[in-house]
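Engineer: Structure in structure tokens, see below.
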Amino acid sequence: MDVPFDLLINALVAGLLLGAFYAAVTIGVSISFGMLDIVNIAHPGFIILGSYIAYIVNTRLGIDPIIASIVMAPAFYALGALVYQVYYASFERYGQEALRGLAFFFGLLFVTEVTLILVFGVDYRYVEAPYIGPSIQLGIIDLPLRMLVPCLVALALIGTLQLFLSWSFLGRAVMAVAQDQLALQLMAASPTRIKRVAFALSIATTAIAGALLIVIQPVEPSIGREYIGRVFAICVLGGLGSLPGALIGAFLLGIVESVTSTFYGPSWAPAVAFGFLLITLAVRPAGIFGR
Amino acid sequence: MRTLTFFLVCLAVAAAVFVLARLVDNDYLFFAGYVVLQYIVLATAWNILGGYTGYVNFGSAAFFALGAYASVFLHKAFPVVTTYFLDEPYALPIPALIVIGAVISGFVGLGMGYLTLRLRGAFFAIATLALAVVLQTLITNWSYVGGARGAYVIRPNEIEPIGPYIQYLFLLMLALAVIALTVARSIERSRLGLGFAAIRDDELAAEASGVPTLKLKLIATTISGALMGMAGAPFPYYIGYLQPTSAFALDYAVNSIAMPMIGGTTSWIGPLIGAILLGTLQQVATVTISSSVNLLIVGLLIVDCVIIAPTGILGLLQGRRTARDVVADPAVFAMLFVVNVIPIYFLHQEALTARPLEVIFWGVLIFLALARGRMVGLPWLVALPIVGAVLSVVPGPPWLWLVSALALVICLACGLLLRPREAVVRSGTP
């Protein structure tokens, strides 16, 4: 097959930009699923919720969606703490998280999605911001700002989280929960409290990821479902609970998806993510950087 | 031998249902009944894996659609053949399609299990979701079976001994339901079922006691997948026009989880109860309210059910978790309370005929207020949602609705702000 060089380069660059955004979407699951063993499949539901909040703030008040999302992050943190408390009190304490906890999050995903459909309808919504539209030309490479800005924000988010986890006391406690809960209890620390903080943090990231999503593409309530596969694929691909691993997994998936949709058409792109996930699960379930 | 007795009893019940339906002689009854029966098969199939072995399958729609698309493919590949001695216009009768659909879906289930079941349970759940999307993308891009546009399957109006074609389909689905229930019950009573239960309760311990866990799990995925494929095979003939979005509709995935959860997952009768209740409820609801509200109701029933009645309707009889345990944590009380107001709000905007459906959620609110009220020493707290329910259901001026909302807010605030009378036994992690 004769591949035009500039098309390939552009597909690769677009894949990298997309990958950074995917990493921002995944980072919450890397914490909740990878470190805390909470299979939060409602994560994309929270992301879409974040998108819609950014949309409301943007259209009503005209505030930049990304800044609005950073302001909203504490509210999402509180929401996350509430959800974890319910999850803990109803399932984790009884050791029923495998079946009923999963069904709980599944139901939650539905409730958020359908509620958004009932309130906003199934029309695509989009935001206004100065960086949506223009792009930078670097030689043959085309850098659209609507991808570049989310990419930078995503990298900043992941960097901050990684610093928090490896340098702060609380962050190290979160890592400790991931490693050995029993040992933590023997140190007289409560795993439940630390897990609540970590889970709330993972939901707080969805506010920002949601804003990035609506900057990149118009949003309607049920596109969250496409992200379930992507998010878990990246999380498993990079190795559970490793933030740098998630970043690299996200870059890989972004590039593969971008190249596929450039050369084979966008209708094949969803299959790539999920196919990737199935192959990873079958061949190397621990992921590329697995523990 | 007891399985045979059970099978015969089921068959007798099925025959009685069919005869009764024929006596009523309303085509709509058959159309609605078909869907309920289809859910009985799907819920029972899901429960063989999800309920007996404890592995959650989110991809029911994939197996269902696989059966449906196998039928479309065969329908196209072996076009109409009119023979001299038969009036039968199809080369392949639907029972044959059902068998083929079962074999294909069973094999996919086996492959799926082989790929993922060696890992922790959660991976299986995620992988089934992935499978559904991969299959949907493949089907959408495969123009032979209609691609994204969909495919027409034209069915005859009549079939020889039975009459209207929908009655034939109804009868087939009835037979499938009998088969599914018999399979589920016979598994439950056998060594296989004991093995499944051992995996569900503690996989590591089961493995250590010599239960061949991988083999059993593969058997479970295969049977479960095959039954779902069977349910899907006649679907193109029922709907007449099959497109990927209708075959892979989330309704199947959600309902096949919700129904066993609501009915009870440990026994064959749980999915049956859940499917009949929820299936009938939805058939009634689709006539009156939008399909989005319909899905909202199902989603909320899942959330309510896993928290309040974790063992389903069957478990309510045993009463394993008390009302007190449910609302002991204020977070659980607050979230359940708020979340159950959502469907009431949306149902209120629907037609007046949708009002009776609100009763379910008002019931949950009343239950929450009662349990929490007892705990904080305010037994009259239960009066507030009752007043709210009465005010919102009776016709009256619009401001009555505000009073009703106010009553709920006060109830929520009282439940949250007042401290429990006696110290709640806080059971921390062991």
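Starting from 1 in every chain, residues are counted up; chains themselves are A, B, ... following the order of the structure tokens, and ligands are numbered from 1 as listed.
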Distance table requested - chain A against chain B, cut-off 6 Å, only C-alpha atoms: one row per qualifying residue with the closest atom pair and its distance in Å to one decimal, ordered by chain and rising residue number, as a Markdown table.

Structural biologist:
| residue | atom | partner | partner_atom | distance |
| --- | --- | --- | --- | --- |
| A:Val86 | CA | B:Val332 | CA | 4.9 |
| A:Ser90 | CA | B:Ile307 | CA | 5.9 |
| A:Arg100 | CA | B:Val306 | CA | 5.7 |
| A:Phe104 | CA | B:Val303 | CA | 5.2 |
| A:Gly107 | CA | B:Gly299 | CA | 4.6 |
| A:Phe110 | CA | B:Gly299 | CA | 5.5 |
| A:Val111 | CA | B:Leu296 | CA | 5.7 |
| A:Val114 | CA | B:Leu296 | CA | 5.8 |
| A:Gly229 | CA | B:Ala130 | CA | 5.7 |
| A:Ala271 | CA | B:Val134 | CA | 4.6 |
| A:Phe274 | CA | B:Ala130 | CA | 5.0 |
| A:Ala282 | CA | B:Leu115 | CA | 5.0 |

Engineer: Quick one: DSSP helix (DSSP H, G or I) residues in region 112-276 of chain B, as a PyMOL selection string?

Structural biologist: chain B and resi 112-116+121-140+143-145+165-188+191-201+203-208+213-232+235-239+244-247+250-263+269-276

Engineer: I'd like the contact shell of Pro130 (chain A) - 12 Å cut-off, only C-alpha atoms, skipping same-chain residues fewer than 2 positions apart - returned as number ranges by chain.

Structural biologist: A: 62-66, 127-128, 132-135, 145-146, 149, 215

Engineer: When you count only C-alpha atoms, which of these residues is closest to Val19 (chain B): B:Tyr238, B:Phe170, B:Phe248, B:Phe196?

Structural biologist: B:Phe170

Engineer: Measuring atom to atom with only C-alpha atoms, identify which of B:Leu23, B:Thr286, B:Trp268, B:Ala198 is nearest to Glu350 (chain B).

Structural biologist: B:Thr286

Engineer: I need the strand (DSSP E) residues of region 116-180 of chain A per DSSP on the backbone, written as a short mmCIF file (atom, residue, chain, number, x, y, z; two decimals) with C-alpha atoms, in the first residue's frame.

Structural biologist:
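Below you can see part-v9.cif, which holds the result:
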data_model
loop_
_atom_site.label_atom_id
_atom_site.label_comp_id
_atom_site.auth_asym_id
_atom_site.auth_seq_id
_atom_site.Cartn_x
_atom_site.Cartn_y
_atom_site.Cartn_z
CA SER A 135 -4.43 25.56 14.34
CA ILE A 136 -0.67 25.90 14.16
CA GLN A 137 1.29 24.81 11.08
CA LEU A 138 4.73 23.32 11.67
CA ILE A 141 2.44 18.99 10.53
CA ASP A 142 -0.92 20.42 11.37
CA LEU A 143 -1.52 21.09 15.08
CA PRO A 144 -5.14 21.97 15.82
#

Engineer: With only C-alpha atoms as the counted atoms, please give the residues lying no more than 12 Å from Leu8 (chain A), apart from itself and same-chain residues fewer than 2 positions off, as a ChimeraX atom specification.

Structural biologist: /A:2-6,10-15,140-142,255-256,258-263

Engineer: Those residues with C-alpha atoms, as a PDB file, in the first residue's frame please?

Structural biologist:
ATOM      1  CA  ASP A   2       1.299   3.396  -0.947  1.00  0.00           C
ATOM      2  CA  VAL A   3       1.159   5.502   2.197  1.00  0.00           C
ATOM      3  CA  PRO A   4       1.496   9.272   1.743  1.00  0.00           C
ATOM      4  CA  PHE A   5       4.234  10.386   4.112  1.00  0.00           C
ATOM      5  CA  ASP A   6       2.642  13.611   5.371  1.00  0.00           C
ATOM      6  CA  ASN A  10      -0.145  13.845  10.707  1.00  0.00           C
ATOM      7  CA  ALA A  11      -1.980  10.715  11.806  1.00  0.00           C
ATOM      8  CA  LEU A  12       0.839   9.958  14.261  1.00  0.00           C
ATOM      9  CA  VAL A  13       0.826  13.466  15.703  1.00  0.00           C
ATOM     10  CA  ALA A  14      -2.964  13.454  15.972  1.00  0.00           C
ATOM     11  CA  GLY A  15      -2.671  10.087  17.721  1.00  0.00           C
ATOM     12  CA  ILE A 140       3.791  19.604   7.026  1.00  0.00           C
ATOM     13  CA  ILE A 141       2.443  18.985  10.535  1.00  0.00           C
ATOM     14  CA  ASP A 142      -0.921  20.425  11.368  1.00  0.00           C
ATOM     15  CA  ILE A 255      -1.878   6.386  17.691  1.00  0.00           C
ATOM     16  CA  VAL A 256      -3.425   3.053  16.664  1.00  0.00           C
ATOM     17  CA  SER A 258      -5.844   7.659  14.714  1.00  0.00           C
ATOM     18  CA  VAL A 259      -3.940   5.644  12.087  1.00  0.00           C
ATOM     19  CA  THR A 260      -6.876   3.243  11.718  1.00  0.00           C
ATOM     20  CA  SER A 261      -9.407   5.974  11.213  1.00  0.00           C
ATOM     21  CA  THR A 262      -7.130   7.832   8.772  1.00  0.00           C
ATOM     22  CA  PHE A 263      -6.510   4.825   6.572  1.00  0.00           C
TER      23      PHE A 263
END

Engineer: Just checking: using only C-alpha atoms, which residue out of B:Leu169, B:Ile289, B:Ile262, B:Ile98 ends up closest to Ala103 (chain A)?

Structural biologist: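 That would be B:Ile262, the residue with the smallest distance to Ala103 (chain A).
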
Engineer: What's the 12 Å shell around Ile344 (chain B), counting only C-alpha atoms, without same-chain residues fewer than 2 positions away, as a ChimeraX atom specification?

Structural biologist: /A:115 /B:293,296-297,300,337-342,346-350,354-365,388-389,392-393,401,404-405,408

Engineer: Kindly save the residues from that selection, with C-alpha atoms included, as an mmCIF file, in the first residue's frame.

Structural biologist:
data_model
loop_
_atom_site.group_PDB
_atom_site.id
_atom_site.type_symbol
_atom_site.label_atom_id
_atom_site.label_comp_id
_atom_site.auth_asym_id
_atom_site.auth_seq_id
_atom_site.Cartn_x
_atom_site.Cartn_y
_atom_site.Cartn_z
ATOM 1 C CA THR A 115 -31.068 11.530 33.336
ATOM 2 C CA VAL B 293 -37.784 6.920 31.242
ATOM 3 C CA LEU B 296 -34.196 5.037 33.903
ATOM 4 C CA ILE B 297 -36.679 2.978 35.887
ATOM 5 C CA LEU B 300 -32.786 2.698 39.352
ATOM 6 C CA PHE B 337 -33.295 9.270 48.801
ATOM 7 C CA VAL B 338 -32.082 11.760 46.201
ATOM 8 C CA VAL B 339 -31.700 9.179 43.463
ATOM 9 C CA ASN B 340 -35.248 7.895 43.932
ATOM 10 C CA VAL B 341 -36.700 11.367 43.526
ATOM 11 C CA ILE B 342 -35.282 11.573 39.962
ATOM 12 C CA PHE B 346 -39.583 12.650 35.206
ATOM 13 C CA LEU B 347 -42.596 10.381 35.518
ATOM 14 C CA HIS B 348 -44.546 13.403 36.645
ATOM 15 C CA GLN B 349 -43.935 15.089 33.313
ATOM 16 C CA GLU B 350 -45.252 12.101 31.394
ATOM 17 C CA ALA B 354 -47.693 6.938 34.020
ATOM 18 C CA ARG B 355 -48.577 8.052 37.547
ATOM 19 C CA PRO B 356 -49.118 4.536 38.933
ATOM 20 C CA LEU B 357 -45.458 3.747 38.169
ATOM 21 C CA GLU B 358 -44.430 6.428 40.666
ATOM 22 C CA VAL B 359 -45.749 4.181 43.403
ATOM 23 C CA ILE B 360 -42.605 2.024 43.278
ATOM 24 C CA PHE B 361 -40.319 4.936 44.033
ATOM 25 C CA TRP B 362 -42.599 6.530 46.586
ATOM 26 C CA GLY B 363 -42.575 3.134 48.246
ATOM 27 C CA VAL B 364 -38.776 3.194 48.440
ATOM 28 C CA LEU B 365 -38.843 6.719 49.875
ATOM 29 C CA GLY B 388 -45.749 13.907 49.497
ATOM 30 C CA ALA B 389 -46.957 10.841 47.645
ATOM 31 C CA SER B 392 -48.355 14.406 44.040
ATOM 32 C CA VAL B 393 -50.728 11.658 42.937
ATOM 33 C CA TRP B 401 -46.350 19.792 43.977
ATOM 34 C CA SER B 404 -44.766 17.672 48.192
ATOM 35 C CA ALA B 405 -41.177 18.596 47.281
ATOM 36 C CA LEU B 408 -39.252 15.470 50.874
#

Engineer: May I have the residues within 12 Å of Ile139 (chain B) as an MDAnalysis selection string, using only C-alpha atoms and disregarding those fewer than 2 positions away in the same chain?

Structural biologist: (chainID A and resid 267:268 271) or (chainID B and resid 62 65:66 68:70 72:73 132:137 141:151 242:245 247:248)

Engineer: Take the residues just selected and output them with N, CA and C atoms as a CSV table (one decimal), in the first residue's frame.

Structural biologist:
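selection.csv was written with the following content:
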chain,number,residue,atom,x,y,z
A,267,SER,N,-15.4,4.4,11.1
A,267,SER,CA,-16.3,3.4,11.7
A,267,SER,C,-15.6,2.2,12.3
A,268,TRP,N,-14.3,2.0,12.0
A,268,TRP,CA,-13.6,0.9,12.5
A,268,TRP,C,-12.9,1.2,13.8
A,271,ALA,N,-13.7,-0.6,17.3
A,271,ALA,CA,-13.2,-2.0,17.4
A,271,ALA,C,-11.8,-2.1,17.8
B,62,ALA,N,-24.4,-8.9,23.1
B,62,ALA,CA,-23.6,-9.5,22.0
B,62,ALA,C,-24.0,-10.9,21.7
B,65,ALA,N,-27.4,-10.7,19.9
B,65,ALA,CA,-27.3,-10.2,18.5
B,65,ALA,C,-26.6,-11.3,17.6
B,66,LEU,N,-25.7,-12.0,18.2
B,66,LEU,CA,-25.0,-13.0,17.4
B,66,LEU,C,-26.0,-14.0,16.9
B,68,ALA,N,-29.2,-13.5,16.5
B,68,ALA,CA,-30.1,-12.8,15.5
B,68,ALA,C,-29.4,-12.7,14.2
B,69,TYR,N,-28.1,-12.3,14.2
B,69,TYR,CA,-27.4,-12.1,12.9
B,69,TYR,C,-27.1,-13.4,12.2
B,70,ALA,N,-26.9,-14.4,13.0
B,70,ALA,CA,-26.7,-15.8,12.4
B,70,ALA,C,-27.9,-16.1,11.6
B,72,VAL,N,-30.0,-13.9,10.2
B,72,VAL,CA,-30.1,-13.0,9.1
B,72,VAL,C,-29.2,-13.5,8.0
B,73,PHE,N,-28.0,-13.9,8.4
B,73,PHE,CA,-27.0,-14.5,7.5
B,73,PHE,C,-27.5,-15.7,6.7
B,132,ALA,N,-18.9,-6.9,23.1
B,132,ALA,CA,-20.2,-6.4,22.6
B,132,ALA,C,-19.8,-5.3,21.5
B,133,VAL,N,-18.9,-4.4,21.9
B,133,VAL,CA,-18.6,-3.3,21.0
B,133,VAL,C,-17.8,-3.8,19.8
B,134,VAL,N,-16.9,-4.7,19.9
B,134,VAL,CA,-16.2,-5.3,18.8
B,134,VAL,C,-17.1,-5.9,17.8
B,135,LEU,N,-18.0,-6.7,18.3
B,135,LEU,CA,-19.0,-7.4,17.5
B,135,LEU,C,-19.9,-6.4,16.8
B,136,GLN,N,-20.3,-5.4,17.5
B,136,GLN,CA,-21.2,-4.4,16.9
B,136,GLN,C,-20.5,-3.7,15.8
B,137,THR,N,-19.2,-3.4,16.0
B,137,THR,CA,-18.5,-2.7,14.9
B,137,THR,C,-18.3,-3.6,13.7
B,141,ASN,N,-20.0,-2.9,10.0
B,141,ASN,CA,-19.2,-2.7,8.8
B,141,ASN,C,-19.3,-3.9,7.8
B,142,TRP,N,-20.2,-4.8,8.1
B,142,TRP,CA,-20.3,-6.0,7.2
B,142,TRP,C,-21.6,-5.8,6.4
B,143,SER,N,-21.4,-5.4,5.2
B,143,SER,CA,-22.6,-5.0,4.4
B,143,SER,C,-23.5,-6.2,4.0
B,144,TYR,N,-22.9,-7.4,4.0
B,144,TYR,CA,-23.7,-8.6,3.6
B,144,TYR,C,-24.9,-8.8,4.5
B,145,VAL,N,-24.8,-8.5,5.8
B,145,VAL,CA,-26.0,-8.7,6.6
B,145,VAL,C,-26.6,-7.3,6.9
B,146,GLY,N,-26.4,-6.4,6.0
B,146,GLY,CA,-27.1,-5.1,6.1
B,146,GLY,C,-26.3,-4.0,6.6
B,147,GLY,N,-25.2,-4.2,7.3
B,147,GLY,CA,-24.3,-3.1,7.8
B,147,GLY,C,-25.1,-2.2,8.7
B,148,ALA,N,-24.7,-0.9,8.6
B,148,ALA,CA,-25.4,0.0,9.5
B,148,ALA,C,-26.8,0.3,9.1
B,149,ARG,N,-27.1,0.0,7.8
B,149,ARG,CA,-28.5,0.3,7.3
B,149,ARG,C,-29.5,-0.7,7.9
B,150,GLY,N,-29.1,-1.9,8.2
B,150,GLY,CA,-30.0,-2.9,8.7
B,150,GLY,C,-30.5,-3.8,7.5
B,151,ALA,N,-31.2,-4.9,7.9
B,151,ALA,CA,-31.6,-5.9,6.9
B,151,ALA,C,-33.1,-6.2,7.1
B,242,LEU,N,-33.9,-5.7,11.0
B,242,LEU,CA,-32.9,-5.8,12.0
B,242,LEU,C,-31.8,-4.9,11.7
B,243,GLN,N,-31.4,-4.0,12.7
B,243,GLN,CA,-30.3,-3.1,12.5
B,243,GLN,C,-29.4,-3.3,13.7
B,244,PRO,N,-28.1,-3.0,13.6
B,244,PRO,CA,-27.2,-3.2,14.7
B,244,PRO,C,-27.6,-2.6,16.0
B,245,THR,N,-28.2,-1.3,15.9
B,245,THR,CA,-28.5,-0.7,17.1
B,245,THR,C,-29.7,-1.3,17.9
B,247,ALA,N,-30.3,-4.7,17.6
B,247,ALA,CA,-29.9,-6.1,18.1
B,247,ALA,C,-28.9,-5.9,19.3
B,248,PHE,N,-28.1,-4.9,19.3
B,248,PHE,CA,-27.1,-4.7,20.3
B,248,PHE,C,-27.7,-3.7,21.4

Engineer: Contacts of region 154-170 of chain A at 7 Å or less, counting only C-alpha atoms, minus same-chain residues fewer than 2 places along, as a list in words?

Structural biologist: Ala20, Phe21, Ala24, Pro150, Cys151, Leu152, Arg172, Ala173, Val174, Met175 and Leu243 of chain A

Engineer: Suppose we keep C-alpha atoms; can you now write the selection as a PDB file, in the first residue's frame?

Structural biologist:
ATOM      1  CA  ALA A  20      -2.740  12.487  26.056  1.00  0.00           C
ATOM      2  CA  PHE A  21      -6.443  13.224  26.255  1.00  0.00           C
ATOM      3  CA  ALA A  24      -6.641  12.184  31.282  1.00  0.00           C
ATOM      4  CA  PRO A 150      -6.437  19.492  26.053  1.00  0.00           C
ATOM      5  CA  CYS A 151      -3.196  17.573  25.530  1.00  0.00           C
ATOM      6  CA  LEU A 152      -1.223  20.076  27.612  1.00  0.00           C
ATOM      7  CA  ARG A 172       1.990   7.608  49.695  1.00  0.00           C
ATOM      8  CA  ALA A 173      -0.798   6.310  51.912  1.00  0.00           C
ATOM      9  CA  VAL A 174      -2.884   5.764  48.765  1.00  0.00           C
ATOM     10  CA  MET A 175      -0.025   3.826  47.201  1.00  0.00           C
ATOM     11  CA  LEU A 243       0.147   6.325  36.038  1.00  0.00           C
TER      12      LEU A 243
END

Engineer: Select, from A:Ala209, A:Leu182, A:Ala68, A:Ala23, the residue with the minimum atom-to-atom distance to Ile234 (chain A), counting only C-alpha atoms.

Structural biologist: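 Using only C-alpha atoms, the shortest distance to Ile234 (chain A) belongs to A:Ala23.
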
Engineer: Grab the CA of Ile179 (chain B) to CA of Tyr34 (chain B) distance for me, in Å with one decimal place.

Structural biologist: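 Separation of CA of Ile179 (chain B) and CA of Tyr34 (chain B): 15.3 Å.
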
Engineer: Between CA of Tyr165 (chain B) and CA of Met230 (chain B), what is the distance, to one decimal in Å?

Structural biologist: 18.4 Å

Engineer: Ranking A:Leu99, A:Leu7, A:Val29, A:Val177 by minimum distance to Arg230 (chain A) and counting only C-alpha atoms, which one comes first?

Structural biologist: A:Val29
